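Containing TSV, C-alpha atoms: structure.tsv.
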chain	number	residue	atom	x	y	z
A	1	MET	CA	123.14	100.16	81.42
A	2	ASP	CA	122.53	97.50	78.79
A	3	PHE	CA	118.89	96.88	77.94
A	4	ALA	CA	119.56	94.32	75.20
A	5	LEU	CA	118.83	90.63	75.68
A	6	THR	CA	121.84	88.36	75.43
A	7	GLU	CA	122.09	85.99	72.49
A	8	ASP	CA	120.90	83.10	74.70
A	9	GLN	CA	117.98	85.12	76.03
A	10	GLN	CA	116.88	86.17	72.56
A	11	THR	CA	117.08	82.56	71.41
A	12	ILE	CA	114.95	81.48	74.37
A	13	LYS	CA	112.39	84.18	73.63
A	14	GLU	CA	112.04	83.24	69.96
A	15	ALA	CA	112.06	79.47	70.49
A	16	VAL	CA	109.46	79.58	73.26
A	17	ALA	CA	107.19	81.89	71.26
A	18	LYS	CA	107.42	79.55	68.27
A	19	LEU	CA	106.58	76.45	70.31
A	20	ALA	CA	103.77	78.14	72.25
A	21	SER	CA	102.20	79.41	69.01
A	22	LYS	CA	101.33	75.79	68.13
A	23	PHE	CA	98.67	75.97	70.86
A	24	ASP	CA	96.19	78.60	69.77
A	25	ASP	CA	93.38	80.44	71.53
A	26	GLN	CA	90.89	77.75	70.53
A	27	TYR	CA	93.01	75.13	72.32
A	28	TRP	CA	93.13	77.18	75.50
A	29	MET	CA	89.45	78.10	75.36
A	30	GLU	CA	88.50	74.42	75.16
A	31	LYS	CA	90.88	73.41	77.95
A	32	ASP	CA	89.53	76.16	80.19
A	33	LEU	CA	85.86	75.48	79.48
A	34	ASN	CA	86.31	71.72	79.87
A	35	HIS	CA	88.44	72.02	83.03
A	36	GLU	CA	91.06	69.82	81.36
A	37	PHE	CA	94.78	69.88	82.10
A	38	PRO	CA	96.81	70.92	79.00
A	39	SER	CA	98.73	67.65	78.74
A	40	GLU	CA	99.77	68.15	75.11
A	41	PHE	CA	101.17	71.59	75.83
A	42	TYR	CA	102.98	70.40	78.95
A	43	LYS	CA	104.51	67.46	77.09
A	44	ALA	CA	105.68	69.67	74.23
A	45	PHE	CA	107.56	71.94	76.63
A	46	ALA	CA	108.95	68.99	78.59
A	47	ASP	CA	110.14	67.34	75.39
A	48	GLY	CA	111.78	70.63	74.41
A	49	GLY	CA	113.71	70.69	77.69
A	50	TRP	CA	112.10	73.93	78.86
A	51	LEU	CA	110.92	72.65	82.25
A	52	GLY	CA	114.54	72.42	83.34
A	53	ILE	CA	115.54	75.96	82.43
A	54	THR	CA	116.66	76.81	86.01
A	55	THR	CA	117.52	73.27	87.17
A	56	PRO	CA	121.28	72.68	87.50
A	57	GLU	CA	122.86	70.83	84.60
A	58	GLU	CA	123.95	67.89	86.77
A	59	TYR	CA	120.25	67.06	87.27
A	60	GLY	CA	119.31	67.33	83.61
A	61	GLY	CA	118.51	71.04	83.40
A	62	HIS	CA	120.08	74.07	81.74
A	63	GLY	CA	121.17	76.04	84.81
A	64	PHE	CA	119.88	79.41	83.62
A	65	GLY	CA	118.72	82.18	85.95
A	66	ILE	CA	115.46	83.86	86.84
A	67	THR	CA	115.83	86.32	83.96
A	68	GLU	CA	115.65	83.47	81.45
A	69	ALA	CA	112.79	81.82	83.35
A	70	SER	CA	110.85	85.09	83.35
A	71	ILE	CA	111.36	85.45	79.59
A	72	LEU	CA	110.05	81.91	79.09
A	73	LEU	CA	106.93	82.38	81.20
A	74	GLU	CA	106.18	85.80	79.73
A	75	GLU	CA	106.24	84.35	76.22
A	76	VAL	CA	104.09	81.40	77.28
A	77	ALA	CA	101.45	83.73	78.74
A	78	ALA	CA	101.71	86.17	75.82
A	79	SER	CA	101.00	83.37	73.34
A	80	GLY	CA	97.40	83.42	74.53
A	81	GLY	CA	97.86	80.58	76.99
A	82	GLY	CA	97.76	83.03	79.89
A	83	MET	CA	97.78	81.65	83.41
A	84	ASN	CA	96.48	78.24	82.32
A	85	ALA	CA	99.67	77.74	80.32
A	86	ALA	CA	102.05	79.38	82.79
A	87	SER	CA	100.61	77.64	85.86
A	88	SER	CA	100.94	74.23	84.25
A	89	MET	CA	104.74	74.60	84.44
A	90	HIS	CA	105.31	77.36	87.01
A	91	LEU	CA	106.26	75.04	89.88
A	92	SER	CA	108.42	72.87	87.62
A	93	ILE	CA	110.32	75.95	86.45
A	94	PHE	CA	111.32	77.27	89.87
A	95	GLY	CA	109.19	75.80	92.67
A	96	MET	CA	111.78	73.15	93.44
A	97	HIS	CA	114.34	75.77	94.46
A	98	PRO	CA	114.20	74.73	98.18
A	99	VAL	CA	115.06	71.18	97.12
A	100	ILE	CA	117.91	72.34	94.87
A	101	VAL	CA	119.44	74.45	97.65
A	102	HIS	CA	118.57	72.52	100.82
A	103	GLY	CA	117.50	69.00	99.80
A	104	SER	CA	119.61	65.88	100.19
A	105	GLU	CA	121.62	64.63	97.24
A	106	GLU	CA	119.45	61.51	97.11
A	107	MET	CA	116.28	63.61	96.98
A	108	LYS	CA	117.66	65.76	94.17
A	109	ARG	CA	118.81	62.77	92.12
A	110	GLU	CA	115.46	61.06	92.58
A	111	THR	CA	113.15	63.97	91.73
A	112	LEU	CA	114.79	66.73	89.69
A	113	PRO	CA	115.48	64.75	86.48
A	114	ARG	CA	111.88	63.49	86.51
A	115	ILE	CA	110.57	67.03	86.82
A	116	VAL	CA	112.78	68.19	83.96
A	117	ASN	CA	111.52	65.47	81.61
A	118	GLY	CA	107.88	66.08	82.59
A	119	ASP	CA	107.37	62.71	84.25
A	120	LEU	CA	106.83	64.11	87.76
A	121	HIS	CA	104.21	66.66	88.77
A	122	VAL	CA	104.63	68.35	92.17
A	123	CYS	CA	102.29	70.74	93.99
A	124	PHE	CA	103.18	73.23	96.73
A	125	GLY	CA	101.26	72.94	100.00
A	126	VAL	CA	101.62	76.05	102.16
A	127	THR	CA	98.39	78.06	102.37
A	128	GLU	CA	95.74	77.16	104.96
A	129	PRO	CA	92.16	78.41	105.37
A	130	GLU	CA	92.67	79.99	108.79
A	131	ALA	CA	96.20	81.32	108.25
A	132	GLY	CA	95.94	83.03	104.87
A	133	LEU	CA	99.08	85.06	104.18
A	134	ASP	CA	100.25	84.71	107.80
A	135	THR	CA	102.25	81.56	107.09
A	136	THR	CA	103.62	81.33	110.63
A	137	ARG	CA	100.07	80.58	111.82
A	138	ILE	CA	99.63	77.35	109.87
A	139	THR	CA	98.50	74.40	111.99
A	140	THR	CA	99.16	71.35	109.79
A	141	PHE	CA	101.31	69.33	112.17
A	142	ALA	CA	104.03	66.73	111.63
A	143	LYS	CA	104.56	64.57	114.73
A	144	ARG	CA	107.75	62.52	114.89
A	145	ASP	CA	107.19	58.75	115.06
A	146	GLY	CA	110.48	56.87	114.94
A	147	ASP	CA	111.98	57.26	111.46
A	148	ASP	CA	108.78	58.86	110.19
A	149	TYR	CA	106.49	61.82	110.78
A	150	ILE	CA	102.71	61.58	111.00
A	151	VAL	CA	101.10	64.58	109.34
A	152	SER	CA	97.54	65.86	109.71
A	153	GLY	CA	95.98	69.15	108.71
A	154	ARG	CA	94.35	71.09	105.94
A	155	LYS	CA	95.64	73.08	102.96
A	156	VAL	CA	93.80	75.29	100.47
A	157	TRP	CA	94.39	76.80	97.01
A	158	ILE	CA	96.85	74.07	96.10
A	159	SER	CA	97.39	74.20	92.33
A	160	LYS	CA	97.81	70.97	90.35
A	161	ALA	CA	97.18	68.69	93.34
A	162	MET	CA	94.91	66.52	91.18
A	163	GLU	CA	97.75	65.86	88.73
A	164	SER	CA	100.59	65.66	91.26
A	165	GLU	CA	102.44	62.62	92.53
A	166	LYS	CA	104.34	64.54	95.21
A	167	ILE	CA	103.79	67.62	97.38
A	168	LEU	CA	106.23	70.19	98.72
A	169	LEU	CA	104.56	70.42	102.12
A	170	LEU	CA	105.09	73.01	104.86
A	171	THR	CA	104.12	71.86	108.35
A	172	ARG	CA	104.62	72.71	111.97
A	173	THR	CA	106.80	70.39	114.04
A	174	SER	CA	106.36	72.56	117.12
A	175	LYS	CA	103.33	74.63	117.94
A	176	PHE	CA	103.28	78.38	117.37
A	177	GLU	CA	102.85	79.09	121.08
A	178	ASP	CA	105.80	76.84	121.97
A	179	SER	CA	108.26	78.51	119.57
A	180	ASP	CA	110.76	81.18	120.62
A	181	LYS	CA	110.21	83.04	117.36
A	182	LYS	CA	107.04	82.85	115.29
A	183	THR	CA	109.06	81.65	112.29
A	184	ASP	CA	110.57	78.76	114.27
A	185	GLY	CA	109.11	75.27	114.27
A	186	LEU	CA	108.13	75.12	110.58
A	187	THR	CA	109.41	72.10	108.66
A	188	LEU	CA	109.37	71.47	104.90
A	189	PHE	CA	108.94	68.08	103.24
A	190	LEU	CA	108.88	66.73	99.72
A	191	THR	CA	106.76	63.63	99.97
A	192	ASP	CA	104.28	61.38	98.20
A	193	LEU	CA	100.71	62.60	97.86
A	194	ASP	CA	99.13	59.41	99.20
A	195	ARG	CA	95.43	59.50	98.24
A	196	ASP	CA	94.60	57.07	101.04
A	197	HIS	CA	95.51	59.78	103.54
A	198	VAL	CA	94.97	62.99	101.52
A	199	ASP	CA	91.48	63.91	100.34
A	200	ILE	CA	91.76	66.32	97.38
A	201	ARG	CA	88.74	68.48	96.55
A	202	PRO	CA	88.83	70.88	93.57
A	203	ILE	CA	87.59	74.43	94.22
A	204	LYS	CA	85.09	75.95	91.80
A	205	LYS	CA	86.51	79.26	90.61
A	206	MET	CA	86.03	82.05	88.08
A	207	GLY	CA	89.02	81.35	85.85
A	208	ARG	CA	92.22	79.43	85.10
A	209	ASN	CA	90.11	76.30	85.02
A	210	ALA	CA	92.50	74.12	83.02
A	211	ILE	CA	94.61	74.05	86.18
A	212	THR	CA	92.87	72.85	89.31
A	213	SER	CA	93.00	74.68	92.63
A	214	ASN	CA	92.26	72.38	95.54
A	215	GLU	CA	91.54	71.88	99.20
A	216	LEU	CA	93.60	69.13	100.83
A	217	PHE	CA	92.44	67.25	103.92
A	218	ILE	CA	95.46	65.40	105.33
A	219	ASP	CA	94.76	62.62	107.81
A	220	ASN	CA	97.64	60.68	109.38
A	221	LEU	CA	99.90	60.86	106.35
A	222	ARG	CA	103.09	58.91	107.11
A	223	VAL	CA	106.16	60.80	105.85
A	224	PRO	CA	109.66	59.26	106.09
A	225	ALA	CA	112.22	61.51	107.77
A	226	ALA	CA	114.29	61.16	104.58
A	227	HIS	CA	111.60	63.25	102.85
A	228	ARG	CA	112.39	66.24	105.06
A	229	ILE	CA	114.15	69.15	103.35
A	230	GLY	CA	117.06	70.40	105.42
A	231	GLU	CA	116.76	70.70	109.17
A	232	GLU	CA	113.66	70.31	111.27
A	233	GLY	CA	112.19	73.69	112.23
A	234	LYS	CA	113.98	75.66	109.48
A	235	GLY	CA	111.28	75.38	106.80
A	236	PHE	CA	110.23	79.03	106.89
A	237	LYS	CA	113.75	80.11	106.03
A	238	TYR	CA	113.86	77.64	103.14
A	239	ILE	CA	110.67	78.90	101.49
A	240	LEU	CA	111.83	82.52	101.90
A	241	ASP	CA	114.58	81.78	99.39
A	242	GLY	CA	111.96	81.47	96.67
A	243	LEU	CA	109.56	84.31	97.50
A	244	ASN	CA	111.22	87.07	95.47
A	245	PRO	CA	111.74	84.89	92.38
A	246	GLU	CA	108.12	83.72	92.59
A	247	ARG	CA	106.93	87.33	92.55
A	248	MET	CA	109.12	88.03	89.54
A	249	LEU	CA	107.77	85.04	87.64
A	250	VAL	CA	104.14	85.94	88.34
A	251	ALA	CA	104.99	89.48	87.23
A	252	ALA	CA	106.28	88.04	83.96
A	253	GLU	CA	103.09	86.04	83.51
A	254	ALA	CA	100.95	89.12	84.18
A	255	LEU	CA	103.03	91.04	81.67
A	256	GLY	CA	102.48	88.30	79.09
A	257	ILE	CA	98.71	88.30	79.58
A	258	GLY	CA	98.77	92.08	79.18
A	259	ARG	CA	100.64	91.73	75.89
A	260	ALA	CA	98.16	89.12	74.61
A	261	SER	CA	95.24	91.33	75.65
A	262	LEU	CA	96.69	94.40	74.01
A	263	ARG	CA	97.31	92.48	70.80
A	264	ALA	CA	93.69	91.29	70.76
A	265	GLY	CA	92.35	94.77	71.52
A	266	VAL	CA	94.37	96.44	68.78
A	267	GLN	CA	93.43	93.81	66.21
A	268	TYR	CA	89.73	94.17	66.95
A	269	ALA	CA	89.93	97.98	66.98
A	270	ASN	CA	91.55	97.96	63.55
A	271	GLU	CA	89.09	95.48	62.04
A	272	ARG	CA	85.78	96.49	63.60
A	273	GLU	CA	83.94	99.22	61.69
A	274	VAL	CA	81.08	101.28	63.12
A	275	PHE	CA	79.61	104.39	61.50
A	276	GLY	CA	81.74	103.76	58.43
A	277	ARG	CA	85.15	103.82	60.15
A	278	PRO	CA	87.35	101.48	62.21
A	279	ILE	CA	86.73	102.04	65.91
A	280	GLY	CA	90.48	102.27	66.47
A	281	LYS	CA	90.37	105.66	64.76
A	282	ASN	CA	88.46	107.02	67.74
A	283	GLN	CA	90.60	108.45	70.53
A	284	GLY	CA	88.26	106.95	73.13
A	285	ILE	CA	89.40	103.52	71.91
A	286	GLN	CA	92.94	104.31	70.83
A	287	PHE	CA	94.18	106.24	73.87
A	288	PRO	CA	93.44	103.59	76.54
A	289	LEU	CA	95.23	100.96	74.46
A	290	ALA	CA	98.19	103.27	73.89
A	291	ASP	CA	98.28	104.01	77.62
A	292	SER	CA	98.38	100.25	78.34
A	293	LEU	CA	101.31	99.88	75.97
A	294	ALA	CA	103.23	102.53	77.90
A	295	ARG	CA	102.40	100.98	81.26
A	296	LEU	CA	103.35	97.46	80.15
A	297	ASP	CA	106.66	98.72	78.80
A	298	ALA	CA	107.42	100.58	82.03
A	299	ALA	CA	106.50	97.56	84.19
A	300	GLU	CA	108.75	95.35	82.06
A	301	LEU	CA	111.74	97.55	82.85
A	302	MET	CA	111.22	97.09	86.60
A	303	LEU	CA	110.89	93.33	86.09
A	304	ARG	CA	114.14	93.20	84.12
A	305	LYS	CA	115.91	95.14	86.87
A	306	ALA	CA	114.57	92.79	89.55
A	307	THR	CA	115.64	89.60	87.77
A	308	TRP	CA	119.06	91.07	86.95
A	309	LEU	CA	119.63	91.89	90.61
A	310	TYR	CA	118.62	88.41	91.72
A	311	ASP	CA	120.75	86.64	89.14
A	312	ASN	CA	123.73	88.75	90.21
A	313	GLY	CA	123.28	87.92	93.89
A	314	LEU	CA	122.20	91.45	94.87
A	315	PRO	CA	119.33	92.53	97.18
A	316	CYS	CA	116.12	92.61	95.15
A	317	ALA	CA	113.12	92.52	97.50
A	318	ARG	CA	112.10	96.11	96.75
A	319	GLU	CA	112.34	95.56	93.00
A	320	ALA	CA	110.69	92.12	93.05
A	321	ASN	CA	107.68	93.42	94.93
A	322	THR	CA	107.44	96.55	92.80
A	323	ALA	CA	107.68	94.52	89.60
A	324	LYS	CA	104.88	92.21	90.68
A	325	TYR	CA	102.73	95.21	91.69
A	326	LEU	CA	103.26	97.13	88.45
A	327	CYS	CA	103.03	94.16	86.09
A	328	ALA	CA	99.85	92.84	87.72
A	329	ASP	CA	98.14	96.22	87.46
A	330	ALA	CA	99.36	96.89	83.92
A	331	GLY	CA	98.37	93.41	82.75
A	332	PHE	CA	94.90	93.60	84.27
A	333	ASP	CA	94.27	97.12	82.91
A	334	ALA	CA	95.28	95.95	79.44
A	335	ALA	CA	92.88	92.99	79.69
A	336	ASP	CA	90.08	95.22	80.94
A	337	ARG	CA	90.62	97.70	78.11
A	338	ALA	CA	90.79	94.96	75.52
A	339	LEU	CA	87.47	93.60	76.77
A	340	GLN	CA	85.95	97.10	76.69
A	341	THR	CA	87.23	97.60	73.13
A	342	HIS	CA	85.34	94.47	72.08
A	343	GLY	CA	82.15	95.83	73.64
A	344	GLY	CA	79.44	93.21	74.06
A	345	MET	CA	81.49	90.62	72.17
A	346	GLY	CA	84.19	90.94	74.78
A	347	TYR	CA	81.80	89.40	77.28
A	348	SER	CA	81.48	86.27	75.14
A	349	GLU	CA	84.01	83.44	75.04
A	350	GLU	CA	84.41	83.73	71.26
A	351	TYR	CA	87.10	86.42	71.29
A	352	ASN	CA	89.08	85.08	74.30
A	353	VAL	CA	89.49	88.46	75.98
A	354	ALA	CA	87.04	87.40	78.70
A	355	ARG	CA	89.44	84.55	79.53
A	356	TYR	CA	92.41	86.95	79.54
A	357	PHE	CA	90.44	89.26	81.86
A	358	ARG	CA	89.66	86.49	84.35
A	359	GLU	CA	93.23	85.22	84.41
A	360	ALA	CA	94.81	88.67	84.61
A	361	ARG	CA	92.68	89.39	87.67
A	362	LEU	CA	94.29	86.46	89.47
A	363	THR	CA	97.74	88.08	89.30
A	364	ARG	CA	96.52	90.94	91.52
A	365	ILE	CA	95.73	88.40	94.26
A	366	ALA	CA	98.34	85.64	93.96
A	367	PRO	CA	100.89	84.77	95.17
A	368	ILE	CA	100.52	87.89	97.28
A	369	SER	CA	97.93	90.65	97.08
A	370	GLN	CA	98.66	94.14	95.86
A	371	GLU	CA	97.81	95.45	99.33
A	372	MET	CA	100.41	93.26	101.02
A	373	ILE	CA	103.01	94.52	98.58
A	374	LEU	CA	102.16	98.08	99.57
A	375	ASN	CA	102.48	97.00	103.20
A	376	TYR	CA	105.97	95.75	102.45
A	377	LEU	CA	107.04	98.85	100.56
A	378	GLY	CA	105.54	101.13	103.20
A	379	SER	CA	107.17	99.50	106.21
A	380	HIS	CA	110.40	97.98	104.82
A	381	VAL	CA	111.35	100.55	102.18
A	382	LEU	CA	109.75	103.79	103.37
A	383	LYS	CA	110.31	102.82	107.04
A	384	MET	CA	106.79	103.75	108.09
A	385	PRO	CA	105.05	102.00	111.02
A	386	ARG	CA	104.04	98.45	110.24
A	387	SER	CA	100.30	98.26	109.56
A	388	TYR	CA	99.75	94.52	110.01
Could I get this structure in the form of structure tokens?
Amino acid sequence: MDFALTEDQQTIKEAVAKLASKFDDQYWMEKDLNHEFPSEFYKAFADGGWLGITTPEEYGGHGFGITEASILLEEVAASGGGMNAASSMHLSIFGMHPVIVHGSEEMKRETLPRIVNGDLHVCFGVTEPEAGLDTTRITTFAKRDGDDYIVSGRKVWISKAMESEKILLLTRTSKFEDSDKKTDGLTLFLTDLDRDHVDIRPIKKMGRNAITSNELFIDNLRVPAAHRIGEEGKGFKYILDGLNPERMLVAAEALGIGRASLRAGVQYANEREVFGRPIGKNQGIQFPLADSLARLDAAELMLRKATWLYDNGLPCAREANTAKYLCADAGFDAADRALQTHGGMGYSEEYNVARYFREARLTRIAPISQEMILNYLGSHVLKMPRSY
């Protein structure tokens, strides 16, 4: 076993950390409180070529794997940018995987270079209010009309829709009840987000407010058949290709937030004096932070195993789910302990740990809840009866 980063990976880690450090906690606090997209940050990473880290070289990217992408996003989150920073580029980093693998050559040539240079924002439209995590139950429908499809329906929790020009949109082209298998009849498109036919409404939420989360009301959106990804009815299979990598990348982001939180907690514990001594001298403060260090380090090892397996073409579902589970819990616990270390000041915005806490909590819900991961491990790995 070799636990060392390669020369390229170490270079990525150091370069990303250096660039991200130019955007300090004050920058992210203001973006979050003002609900303002971090355009300067996004442009800096686009100009540096980082948005194309996994995009094939023939489309302007670097062609690296998920391991390198996870290192990038971990460092971005660990800089203090947290989920606001990571979510601004998350879809650009790997969300276009279905297009890269299954899209037409014309579609790839038209969109991928623009994503790499930061010119094109794309959102991912899958989740619906009534379906939740049961993706096969979505009802947004694409009806064929000559060389086009007419799409109507509703999506929810769609990140970056306000900033996006295009949407990676999952629809039904045959109804659930008319399909032989529940995963049949789902079709994926990459199409224009036409505001005349898509009403976008931001959702008020507890955190990650520099990046919008939105409800989409789609009414007779005309989508050219050329905007379809792959074959009609095979969309569920296409999005499955990206589920394990997505869990790894969110795990990396959770890990990064945990590192930022731990750094803030340790700094405050060393500087804050009460009763004539730094509070970090007290075991009640020191031990929880030390425990978080151990848990973050252990979670990182599972993440590294998962990304290595994926990049080497090996089965990785068990490891991807476990990594997301462990990193999300370790990151949130570190944020919670950092906030507790700050005491009452942790509840203010001044020290930023309240922002870390809110954003770390998100990773225990999205893109899949901790409970659903346990469902997967229980039924698919331990071979126990399926509970859902």
Which neighbours of region 158-175 of chain A fall inside 7 Å, counting only C-alpha atoms, when residues of the same chain fewer than 4 positions from it are skipped, and could you give them as a ChimeraX atom specification?
/A:120-126,139-143,179,185-193,200,211-215,233,235
Given the choices A:Gln370, A:Ser261, A:Ser152, A:Ser92, which gets closest to Val353 (chain A) if the distance is worked out from only C-alpha atoms?
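Using only C-alpha atoms, Val353 (chain A) sits closest to A:Ser261.
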From the set A:Val156, A:Val99, A:Ala334, A:Met248, which residue has the shortest atom-to-atom contact distance to Ser70 (chain A), counting only C-alpha atoms?
A:Met248
Record the distance separating CA of Ala86 (chain A) and CA of His227 (chain A), expressed in Å with one decimal.
27.5 Å
Give the centre and edge lengths of an axis-aligned box, in Å to one decimal, that holds all listed atoms of region 226-229 of chain A with 3 Å on each side, as lines of an AutoDock Vina configuration file.
center_x = 112.9
center_y = 65.2
center_z = 104.0
size_x = 8.7
size_y = 14.0
size_z = 8.2
Nearest candidate to Asp8 (chain A) (options A:Ala77, A:Leu374, A:Ile71, A:Val151; using all atoms listed in the file)
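Using all atoms listed in the file, Asp8 (chain A) sits closest to A:Ile71.
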Length of the CA of Ala323 (chain A) to CA of Met302 (chain A) vector [Å]
5.3 Å
One number please: CA of Gly313 (chain A) to CA of Thr67 (chain A), in Å, one decimal.
12.5 Å
Please provide as a ChimeraX atom specification all residues within 9 Å of region 18-20 of chain A, with the sequence filter that same-chain residues fewer than 3 positions apart are discarded (counting all atoms listed in the file).
/A:13-15,23-24,41,44-45,48,75-77,79-81
Which of these residues is nearest to Met83 (chain A), using only C-alpha atoms: A:Asn209, A:Thr135, A:Asn220, A:Thr111?
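Ranked by minimum distance to Met83 (chain A), first place goes to A:Asn209.
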Compile the contact shell of Leu296 (chain A) as a PyMOL selection string: residues with an atom at most 8 Å away, counting all atoms listed in the file, same-chain residues fewer than 3 positions apart removed.
chain A and resi 255+258-259+292-293+299-300+327+330-331
Block slice region 307-324 of chain A, C-alpha atoms, emitted as a PDB file, in the first residue's frame:
ATOM      1  CA  THR A 307     -11.332   7.286  -5.155  1.00  0.00           C
ATOM      2  CA  TRP A 308      -8.410   4.954  -5.889  1.00  0.00           C
ATOM      3  CA  LEU A 309     -10.804   2.104  -6.636  1.00  0.00           C
ATOM      4  CA  TYR A 310     -12.908   4.263  -8.939  1.00  0.00           C
ATOM      5  CA  ASP A 311      -9.936   5.651 -10.830  1.00  0.00           C
ATOM      6  CA  ASN A 312      -8.643   2.117 -11.341  1.00  0.00           C
ATOM      7  CA  GLY A 313     -11.956   0.864 -12.713  1.00  0.00           C
ATOM      8  CA  LEU A 314     -12.728  -1.340  -9.691  1.00  0.00           C
ATOM      9  CA  PRO A 315     -16.033  -1.754  -7.794  1.00  0.00           C
ATOM     10  CA  CYS A 316     -16.316   1.042  -5.244  1.00  0.00           C
ATOM     11  CA  ALA A 317     -19.948   1.428  -4.156  1.00  0.00           C
ATOM     12  CA  ARG A 318     -19.310   0.110  -0.643  1.00  0.00           C
ATOM     13  CA  GLU A 319     -16.312   2.384  -0.159  1.00  0.00           C
ATOM     14  CA  ALA A 320     -17.949   5.449  -1.759  1.00  0.00           C
ATOM     15  CA  ASN A 321     -20.969   5.204   0.509  1.00  0.00           C
ATOM     16  CA  THR A 322     -18.861   4.510   3.586  1.00  0.00           C
ATOM     17  CA  ALA A 323     -16.566   7.437   2.812  1.00  0.00           C
ATOM     18  CA  LYS A 324     -19.486   9.821   2.468  1.00  0.00           C
TER      19      LYS A 324
END
